[in-house]
Amino acid sequence: QVQLVESGGGLVQAGGSLRLSCAASGSIFRTDVMGWFRQAPGKQRELVASVSFGGTTNYAGSVKGRFTISRDNAKNMVFLQMNVLKPEDTGVYYCTLARGSVSFWGQGTQVTVSS
């Protein structure tokens, strides 16, 4: 089993920055992909960014150039640096770890961007 705990959400004005952190505990494998999803009110959960053990990253088009995902394999942590935040970035951000067809989820952290 894997447990994921997010931190770093909050309220920020448009144009500001936030850094999300996620600590994973349990058995973490080199094939695990870690990432962040978000869910805005009334919308489906969507992938924001993901990173492999080797550092290969993938971003949603809406956050490219503004968000940066990184991973510390020694500490089993993943981070999401969010810059130039927009009101449409508002939502609950979930840390996730994907292992084959199985996904583990954190409890989520709220990010609110005011205009």
# chains A, B, ... in the order shown; residues from 1 in each chain; ligands from 1
$ residues_around --residues "region 97-101 of chain A" --least-positions-apart "4" --cutoff "12 Å" --atoms "only C-alpha atoms" --output "ChimeraX atom specification"
/A:1-5,22-37,49-53,71,76-78,105-106
$ write_last_selection --atoms "N, CA, C and O atoms" --output "compact mmCIF listing (two decimals), in the first residue's frame"
# COMPACT_ATOMS: atom_id res chain seq x y z
N GLN A 1 0.83 -1.20 0.00
CA GLN A 1 0.00 0.00 0.00
C GLN A 1 0.87 1.25 0.00
O GLN A 1 2.01 1.23 0.48
N VAL A 2 0.32 2.29 -0.56
CA VAL A 2 1.01 3.57 -0.64
C VAL A 2 0.11 4.64 -0.03
O VAL A 2 -1.10 4.66 -0.29
N GLN A 3 0.68 5.49 0.79
CA GLN A 3 -0.05 6.63 1.33
C GLN A 3 0.58 7.91 0.79
O GLN A 3 1.80 8.03 0.72
N LEU A 4 -0.27 8.85 0.41
CA LEU A 4 0.18 10.11 -0.16
C LEU A 4 -0.41 11.26 0.66
O LEU A 4 -1.63 11.29 0.90
N VAL A 5 0.43 12.18 1.04
CA VAL A 5 -0.03 13.32 1.84
C VAL A 5 0.45 14.62 1.18
O VAL A 5 1.65 14.84 1.03
N CYS A 22 4.15 16.64 -1.94
CA CYS A 22 3.47 15.39 -1.67
C CYS A 22 4.50 14.39 -1.16
O CYS A 22 5.51 14.15 -1.83
N ALA A 23 4.23 13.83 0.00
CA ALA A 23 5.10 12.83 0.59
C ALA A 23 4.45 11.46 0.45
O ALA A 23 3.29 11.28 0.84
N ALA A 24 5.20 10.53 -0.11
CA ALA A 24 4.70 9.17 -0.29
C ALA A 24 5.34 8.25 0.74
O ALA A 24 6.55 8.34 0.99
N SER A 25 4.55 7.38 1.32
CA SER A 25 5.08 6.37 2.23
C SER A 25 4.62 5.00 1.77
O SER A 25 3.62 4.88 1.06
N GLY A 26 5.33 3.99 2.20
CA GLY A 26 5.06 2.64 1.73
C GLY A 26 6.12 2.24 0.72
O GLY A 26 7.16 2.87 0.60
N SER A 27 5.84 1.20 -0.04
CA SER A 27 6.80 0.71 -1.02
C SER A 27 6.66 1.49 -2.32
O SER A 27 5.60 1.47 -2.94
N ILE A 28 7.72 2.18 -2.70
CA ILE A 28 7.74 2.95 -3.94
C ILE A 28 8.68 2.27 -4.91
O ILE A 28 9.83 1.99 -4.58
N PHE A 29 8.20 2.00 -6.12
CA PHE A 29 8.98 1.27 -7.11
C PHE A 29 9.50 2.22 -8.19
O PHE A 29 8.92 3.28 -8.45
N ARG A 30 10.56 1.81 -8.84
CA ARG A 30 11.17 2.62 -9.89
C ARG A 30 10.24 2.80 -11.08
O ARG A 30 10.41 3.71 -11.88
N THR A 31 9.27 1.95 -11.24
CA THR A 31 8.35 2.07 -12.36
C THR A 31 7.13 2.94 -12.03
O THR A 31 6.30 3.20 -12.90
N ASP A 32 7.03 3.41 -10.80
CA ASP A 32 5.89 4.23 -10.41
C ASP A 32 5.99 5.62 -11.04
O ASP A 32 7.05 6.23 -11.03
N VAL A 33 4.87 6.08 -11.55
CA VAL A 33 4.77 7.44 -12.07
C VAL A 33 4.00 8.27 -11.06
O VAL A 33 2.92 7.88 -10.61
N MET A 34 4.55 9.40 -10.69
CA MET A 34 3.87 10.28 -9.74
C MET A 34 3.38 11.53 -10.45
O MET A 34 3.95 11.94 -11.48
N GLY A 35 2.34 12.12 -9.93
CA GLY A 35 1.81 13.29 -10.61
C GLY A 35 0.79 14.04 -9.80
O GLY A 35 0.56 13.72 -8.62
N TRP A 36 0.20 15.00 -10.45
CA TRP A 36 -0.84 15.84 -9.84
C TRP A 36 -2.04 15.92 -10.77
O TRP A 36 -1.89 16.14 -11.98
N PHE A 37 -3.19 15.74 -10.19
CA PHE A 37 -4.46 16.00 -10.87
C PHE A 37 -5.13 17.17 -10.14
O PHE A 37 -4.76 17.50 -9.01
N ALA A 49 0.10 17.35 -14.29
CA ALA A 49 1.48 17.02 -14.66
C ALA A 49 1.86 15.68 -14.05
O ALA A 49 1.28 15.27 -13.03
N SER A 50 2.81 15.01 -14.67
CA SER A 50 3.31 13.75 -14.15
C SER A 50 4.81 13.68 -14.36
O SER A 50 5.37 14.39 -15.22
N VAL A 51 5.45 12.82 -13.57
CA VAL A 51 6.91 12.65 -13.68
C VAL A 51 7.26 11.20 -13.37
O VAL A 51 6.75 10.61 -12.43
N SER A 52 8.12 10.65 -14.19
CA SER A 52 8.58 9.28 -13.97
C SER A 52 9.73 9.26 -12.98
O SER A 52 10.27 10.31 -12.61
N PHE A 53 10.12 8.06 -12.58
CA PHE A 53 11.25 7.91 -11.66
C PHE A 53 12.52 8.53 -12.27
O PHE A 53 13.32 9.16 -11.57
N ARG A 71 10.65 15.68 -8.71
CA ARG A 71 10.53 14.49 -7.87
C ARG A 71 11.85 14.26 -7.15
O ARG A 71 12.91 14.38 -7.75
N ASN A 76 11.12 10.16 -1.58
CA ASN A 76 9.78 9.75 -2.01
C ASN A 76 8.81 10.92 -1.99
O ASN A 76 7.71 10.85 -1.42
N MET A 77 9.23 12.00 -2.61
CA MET A 77 8.39 13.20 -2.65
C MET A 77 8.26 13.71 -4.09
O MET A 77 9.14 13.51 -4.92
N VAL A 78 7.15 14.38 -4.33
CA VAL A 78 6.93 15.04 -5.61
C VAL A 78 6.42 16.45 -5.31
O VAL A 78 5.73 16.67 -4.33
N TRP A 105 -4.13 7.71 -4.37
CA TRP A 105 -4.48 9.13 -4.34
C TRP A 105 -4.28 9.71 -2.94
O TRP A 105 -4.54 9.04 -1.94
N GLY A 106 -3.88 10.96 -2.90
CA GLY A 106 -3.86 11.69 -1.65
C GLY A 106 -5.24 12.25 -1.37
O GLY A 106 -6.18 12.08 -2.15
$ select_by_dssp --residues "chain A" --states "strand (DSSP E or B)" --output "PyMOL selection string"
chain A and resi 2-7+10-13+18-26+33-39+46-51+57-59+67-72+77-82+91-99+102-105+109-114
